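Asks: So that we are looking at the same thing, I have put the structure below in structure tokens.
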Amino acid sequence: FYLHMVSCSFPCQDQEKQCDRECVNSVCVCCRYVVEHRWFEQWKEFVDGGDQNSSSFPGQIDNSDLFEDLDSYHLKERLVENEDFVLVPAEAWHKLLAWYGMVDSQPPLERKVVDLPSTLKVEVYPVEVFLCLHSNMENVITAQFSRTDNIREAMCQSFSVPSGSECRLWMKSSDTNCERLRNIHMSVLDTCLSSGMVRTHCDVTDMTSSAQIDAMTNSVEDQDSYRGQPGVCGLTNLGNTCFMNSALQCLSNTPPLTEYFLQSSYLEELNFTNPLGMKGEIAEAYADVIKQMWSGRHYSVVPRVFKTKVGHFASQFLGYQQHDSQELLSFLLDGLHEDLNRVKNKEYIELRDADGRPDQEVAEEAWRNHRRRNDSVIVDTFHGLFKSTLVCPECHKVSVTFDPFCYLSIPLPVSKERVMEVFFVSLDPHAKPVQHRVVVPKAGKVSDLCLALSEMTAVPPTQMVVADVFNHRFYRIYSDDESLSCILDRDDIFVYELSVLEEQDQVLLALYLRERSHYRDYGSGSSSYGTTLFGHPLLLNVRRSSCSQEELYNLFLQRLASTPADNAIPSGDSTRSADANVDLEPAAEPSESTEEEKEENKQEEACSPSPPPNEQPAKRRACHKRRKSLFTIQAVNSNGTTERGTGEGGTQPYVAIDWDPDMKKRFYNENEAEKYVKHSSMEVPQQQATVQLQECIELFTTVETLEEENPWYCPVCKKHQLATKKLDLWSLPEVLIIHLKRFSYTKFTREKLDSIVEFPLRDLDFSGCLLRKSLSNGEPPSCYDLIAVSNHYGGLRDGHYTSYAMNKDNGQWYYFDDSKVTFATEDQIVTNAAYVLFYHRQDKMRKPTLANPSTGPAPSRSANDITSCKDDDAELGAASYVTMETD
């Protein structure tokens, strides 16, 4: 059933609700439902087992982890599909809802499927817009819209504006500027509205108030009074568009390309018929942005039209998700090239093999062939040539080709080790958990983690078990042979020391802590108490023959004998293993104190304060009797929230000790129980890895073997081979773009490499890297100076892009952070955030025509200090208002 559900193969059978969209291939594409990933995975595990009493029973559908809070039910930002949530078809959702129900009063997360250019996309995050009437600025409402909704119709519907009314739309930016939206047919997507960044003002006014709006409106054309340094201009964030702004600022400060557009040379070379191009629209939109940025009239430019054009021609950049500045840069350079290609009719050229010919001859032929089909300002400025050599491992056939490139993507040295932080929980109940920092093989196994921790704790690795803790439960208990790649850096990993028992007589017992509610749950048809998990779970090695309630009670009491106030258990993370529960005997309620019970009471007194000596004997006996039942023991499933699954469906038993609320309040100190201590390894600062740019370039030209997913077809062997490949630089362009491959994706890991790459600001000499060791007459030298850097702060799932760039007119470095622009000094440029480097060849660089400003703030309305890394959404974006005026 779920295999069909995952593949979205459910036909639309809802006869009561007519879909307003067609069903493609019998699949309902009108909507999907968002379901929390962990619940969905546990449901799949439950279905796989086929046992209705399985410990993996998922319980009610619970999307709590997807919400920022359970009051507004706003989704958390930057949730990732198939990692945080899954999307299920409507019919599958209704079946799941009928079978399992939903926790509390959580709303179903129904999401519309919109037909965007060249793709169908589920809008997990609808656009949330603040709306208000301009005539009543305090009447603000919040509404959610699809990106395909017509903005004018959406506004009219929200404020019940009569049909046929004459309307005017306005986009009011954060610095009080208004922009007229003259096209009333624009969709929410076309206007680049995004959640929390736009207030829509709908005006139902007469001509007097219309005049007031016109007086208030300070459009782009009205900013002519400002005269600043051309090019020192911010770009407003339209909603997670910092990646685009960073790439645009770097290209804007590339002198030959910017001068080409400022001089309007592109107008004569627009190629409207190129089937590989974008009908000149990308080139025209880019030219408009550049001319505004270099006019000297604007503090910040709103690149809304450019963003819309990019989304229309490259569907991957639609919407407001985070993207990669280098990917945007690659698309833009290719799009500008095809829109400005001087070759109107590309001829077919058959490529020849080198066949032992001299490299010089083959390279010149390859470059001529390339220019016969590709001739533009992009080729003139950014294209170079490298030599590719492939060698067949079987027949040793050597294939040599010379291929053009627009930028160099060079690897960073990847460490084979990984630093992990874990909590070690000792068998000693008096010892607080200890946080350790260990170094393990990146491609290692869980046993390697235990071995590394054993060297610090002197506990044999065979007496350790590793678990991922989440939300007071075990999300996963790992076996020794599992890969460490399964463990993410954000997981809370606990390593438990186990007692040594005979192998045949031992069982690993997972112990949860629960608190009973004060009231019985009569509404559920039973008289049992409701329970809530708290604290941090434990793993204990116990004898299988000692799993009676009485013996377990004594064992657990001994484990807590130091009193929870002293027995610190650090905070943890999740719990979801799928195994059976231990079969426990019924609890026996003792009536009178026996010798065994007296011994038990001594243990209990370790975690129970004695009554005051002046109490009456009867009261002492009553208190003594209460101490004998600090908690009760229940068999539970891996979730710890239900008593289902007492069958032997697996080998991992789970039990819970249920505390009476009053007893827990008296004898269990949660704040003290969450304390832990840090091992000395945590005090040693992690050294920042530093590499030289030259090392990365050498790594780029190192011989490598092709991967199995990308073999080479050998013309001699007549089959695909895992050939060796070597790249060599042959000729370099006027402007060299170097992309540092910080994002590493392998079979085992996904990570961002934060190494500091030491790159020179001046005199980057490639003479030692070029395959040609001598240059013929007229060929340019190979020395470069840095002119721009695109920076990325953050990790794989989120982050922020900024840029450094040197102004071509005054030679001053500036820091561009969306709409903010500040002065920068050269010693600030080399950081571990550097992602894409722009170098200009020295023989083509010209001296600045203006004096370099010494000190003082850049012409910006923002803070003068360089801002630190922050999320995209922290800053109010391009348009903070949309005003609609109707007569």
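The chains in the structure tokens are called A, B, ... from first to last as shown; in each chain the residues are counted from 1, and the ligands are counted from 1 in the order shown.
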So that I can check the surroundings of Gln721 in chain A, please list as JSON, numbers by chain every protein, DNA and RNA residue that reaches within 8 Å of it, counting only C-alpha atoms and ignoring chain neighbours fewer than 4 positions away.

Replies: {"A": [392, 393, 711, 712, 713, 714]}

Asks: Next, write the just-selected residues to a file, as a tab-separated table (two decimals), in the first residue's frame, keeping N, CA, C and O atoms as the atom set.

Replies:
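Output contents, as saved in again_14.tsv:
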```tsv
chain	number	residue	atom	x	y	z
A	392	CYS	N	42.49	4.07	-21.17
A	392	CYS	CA	41.73	2.84	-20.91
A	392	CYS	C	42.58	1.90	-20.06
A	392	CYS	O	43.74	1.63	-20.39
A	393	PRO	N	42.05	1.37	-18.97
A	393	PRO	CA	42.83	0.48	-18.11
A	393	PRO	C	43.06	-0.90	-18.72
A	393	PRO	O	43.93	-1.65	-18.26
A	711	PRO	N	31.23	6.02	-16.38
A	711	PRO	CA	32.34	5.38	-17.10
A	711	PRO	C	32.56	6.02	-18.47
A	711	PRO	O	31.75	6.81	-18.94
A	712	TRP	N	33.67	5.66	-19.09
A	712	TRP	CA	34.03	6.16	-20.43
A	712	TRP	C	33.93	5.02	-21.43
A	712	TRP	O	34.37	3.90	-21.16
A	713	TYR	N	33.35	5.32	-22.58
A	713	TYR	CA	33.22	4.28	-23.62
A	713	TYR	C	34.50	4.25	-24.44
A	713	TYR	O	34.84	5.21	-25.14
A	714	CYS	N	35.21	3.15	-24.36
A	714	CYS	CA	36.47	3.01	-25.09
A	714	CYS	C	36.17	2.58	-26.53
A	714	CYS	O	35.52	1.54	-26.75
```

Asks: Could you tell me, as a PyMOL selection string, which residues of range 178-404 of chain A DSSP assigns to strand (DSSP E) when given the backbone?

Replies: chain A and resi 178-181+199-204+234-235+300-301+384-391+398-404

Asks: I'd like to know which of A:Lys752, A:Thr705, A:Leu412, A:Gln828 is closest to Gly799 in chain A, using only C-alpha atoms.

Replies: A:Lys752

Asks: Quick one: residues within 10 Å of Phe261 in chain A, only C-alpha atoms counted, chain neighbours fewer than 5 positions away excluded, as a list in words?

Replies: Ser252, Pro256, Tyr266, Leu267, Ala283, Glu284, Tyr286, Ala287, Asp288, Ile290 and Lys291 of chain A

Asks: Kindly give the distance, in Å, that separates CA of Ser295 in chain A and CA of Gly234 in chain A, rounded to a single decimal.

Replies: 12.5 Å

Asks: His94 in chain A: which residues within 10 Å, counting only C-alpha atoms, same-chain residues fewer than 6 positions away excluded, as a VMD selection string?

Replies: chain A and resid 33 88 101

Asks: Mind dumping the selected residues with C-alpha atoms as an mmCIF file, in the first residue's frame?

Replies:
```cif
data_model
loop_
_atom_site.group_PDB
_atom_site.id
_atom_site.type_symbol
_atom_site.label_atom_id
_atom_site.label_comp_id
_atom_site.auth_asym_id
_atom_site.auth_seq_id
_atom_site.Cartn_x
_atom_site.Cartn_y
_atom_site.Cartn_z
ATOM 1 C CA TYR A 33 -0.611 16.420 2.464
ATOM 2 C CA VAL A 88 1.345 11.963 0.382
ATOM 3 C CA GLY A 101 -6.413 9.655 13.688
#
```

Asks: Select, from A:Glu482, A:Asp660, A:Glu709, A:Asp448, the residue with the minimum atom-to-atom distance to Gly530 in chain A, counting only C-alpha atoms.

Replies: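 Residue with the minimum atom-to-atom distance to Gly530 in chain A: A:Asp660.
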
Asks: Using Å and a single decimal, report how far CA of Lys445 in chain A sits from CA of Leu484 in chain A.

Replies: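 Answer for the CA of Leu484 in chain A to CA of Lys445 in chain A separation: 5.0 Å.
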
Asks: Excluding same-chain residues fewer than 6 positions from Leu706 in chain A, what lies within 10 Å of it counting only C-alpha atoms, as a list in words?

Replies: Leu390, Trp712, Gln721, Leu722, Ala723, Thr724 and Lys725 of chain A

Asks: Print the selection's residues with C-alpha atoms to a file, as a PDB file, in the first residue's frame.

Replies:
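Result file follows (result-v8.pdb):
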```pdb
ATOM      1  CA  LEU A 390      41.673   9.525 -20.747  1.00  0.00           C
ATOM      2  CA  TRP A 712      34.028   6.161 -20.427  1.00  0.00           C
ATOM      3  CA  GLN A 721      35.583   1.436 -18.884  1.00  0.00           C
ATOM      4  CA  LEU A 722      36.596   3.030 -15.579  1.00  0.00           C
ATOM      5  CA  ALA A 723      39.379   4.964 -17.277  1.00  0.00           C
ATOM      6  CA  THR A 724      41.904   7.221 -15.602  1.00  0.00           C
ATOM      7  CA  LYS A 725      41.387  10.915 -16.280  1.00  0.00           C
TER       8      LYS A 725
END
```

Asks: Considering only C-alpha atoms, state which residue in the set A:Met682, A:Ala467, A:Val391, A:Ile738 is at the smallest distance from Glu704 in chain A.

Replies: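 With only C-alpha atoms as the atom set, the closest residue is A:Val391.
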
Asks: Show me, as CSV, the residues of range 678-734 of chain A having an atom within 12 Å of range 344-368 of chain A, each with the closest atom pair and its distance in Å, using only C-alpha atoms.

Replies:
```
residue,atom,partner,partner_atom,distance
A:Pro715,CA,A:Asp353,CA,11.0
A:Asp728,CA,A:Asp359,CA,11.6
A:Leu729,CA,A:Ala363,CA,11.2
A:Trp730,CA,A:Ala363,CA,8.1
A:Ser731,CA,A:Ala363,CA,9.2
```

Asks: Counting only C-alpha atoms, figure out which residue out of A:Ala143, A:Ile787, A:Ala314, A:Cys242 gets nearest to Gln812 in chain A.

Replies: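 That would be A:Ile787, the residue with the smallest distance to Gln812 in chain A.
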
Asks: Go through A:Trp43, A:Tyr784, A:Phe743, A:Phe243 one by one, measure the shortest atom-to-atom distance of each to Ser803 in chain A using only C-alpha atoms, and give the residue with the smallest value.

Replies: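 Closest to Ser803 in chain A, using only C-alpha atoms: A:Phe243.
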
Asks: Quick one: residues within 8 Å of Asp380 in chain A, only C-alpha atoms counted, chain neighbours fewer than 3 positions away excluded, as an MDAnalysis selection string?

Replies: chainID A and resid 375:377 383 733:734

Asks: Write the residues of the selection above to a file with all heavy atoms, as an mmCIF file, in the first residue's frame.

Replies:
```cif
data_model
loop_
_atom_site.group_PDB
_atom_site.id
_atom_site.type_symbol
_atom_site.label_atom_id
_atom_site.label_comp_id
_atom_site.auth_asym_id
_atom_site.auth_seq_id
_atom_site.Cartn_x
_atom_site.Cartn_y
_atom_site.Cartn_z
ATOM 1 N N ASP A 375 30.413 32.660 -30.040
ATOM 2 C CA ASP A 375 31.138 33.926 -30.165
ATOM 3 C C ASP A 375 30.325 35.013 -29.471
ATOM 4 O O ASP A 375 29.312 35.475 -29.991
ATOM 5 C CB ASP A 375 31.362 34.268 -31.645
ATOM 6 C CG ASP A 375 32.206 35.520 -31.817
ATOM 7 O OD1 ASP A 375 32.826 35.956 -30.827
ATOM 8 O OD2 ASP A 375 32.233 36.066 -32.935
ATOM 9 N N SER A 376 30.745 35.375 -28.262
ATOM 10 C CA SER A 376 30.010 36.379 -27.498
ATOM 11 C C SER A 376 30.955 37.056 -26.532
ATOM 12 O O SER A 376 32.116 36.655 -26.378
ATOM 13 C CB SER A 376 28.851 35.736 -26.719
ATOM 14 O OG SER A 376 29.359 34.927 -25.668
ATOM 15 N N VAL A 377 30.448 38.073 -25.851
ATOM 16 C CA VAL A 377 31.249 38.759 -24.848
ATOM 17 C C VAL A 377 31.604 37.812 -23.701
ATOM 18 O O VAL A 377 32.648 37.958 -23.056
ATOM 19 C CB VAL A 377 30.499 39.999 -24.318
ATOM 20 C CG1 VAL A 377 29.231 39.599 -23.573
ATOM 21 C CG2 VAL A 377 31.396 40.831 -23.405
ATOM 22 N N HIS A 383 35.995 32.478 -21.143
ATOM 23 C CA HIS A 383 36.267 31.110 -21.600
ATOM 24 C C HIS A 383 37.759 30.830 -21.742
ATOM 25 O O HIS A 383 38.511 31.649 -22.288
ATOM 26 C CB HIS A 383 35.575 30.854 -22.936
ATOM 27 C CG HIS A 383 34.113 30.572 -22.789
ATOM 28 N ND1 HIS A 383 33.391 29.835 -23.705
ATOM 29 C CD2 HIS A 383 33.234 30.926 -21.825
ATOM 30 C CE1 HIS A 383 32.134 29.759 -23.314
ATOM 31 N NE2 HIS A 383 32.013 30.429 -22.177
ATOM 32 N N PRO A 733 41.396 32.558 -19.466
ATOM 33 C CA PRO A 733 40.654 33.707 -19.989
ATOM 34 C C PRO A 733 41.108 35.022 -19.349
ATOM 35 O O PRO A 733 41.965 35.044 -18.458
ATOM 36 C CB PRO A 733 39.220 33.385 -19.608
ATOM 37 C CG PRO A 733 39.352 32.616 -18.336
ATOM 38 C CD PRO A 733 40.618 31.809 -18.466
ATOM 39 N N GLU A 734 40.511 36.098 -19.805
ATOM 40 C CA GLU A 734 40.811 37.408 -19.223
ATOM 41 C C GLU A 734 40.343 37.479 -17.780
ATOM 42 O O GLU A 734 41.051 37.973 -16.907
ATOM 43 C CB GLU A 734 40.140 38.520 -20.039
ATOM 44 C CG GLU A 734 40.330 39.900 -19.443
ATOM 45 C CD GLU A 734 39.641 40.994 -20.239
ATOM 46 O OE1 GLU A 734 39.246 40.731 -21.394
ATOM 47 O OE2 GLU A 734 39.477 42.104 -19.714
#
```

Asks: Considering only C-alpha atoms, can you say which of A:Phe46, A:Phe423, A:Tyr299, A:Tyr407 comes closest to Gly231 in chain A?

Replies: A:Tyr299

Asks: Mind checking which residues fall within 9 Å of Ala824 in chain A, counting only C-alpha atoms, ignoring those fewer than 2 positions away in the same chain, and posting them as a list in words?

Replies: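 These residues fall inside the cut-off: Tyr804, Ala805, Gln812, Trp813, Tyr814, Tyr815, Thr822, Glu826, Asp827, Gln828, Ile829 and Ile866 of chain A.
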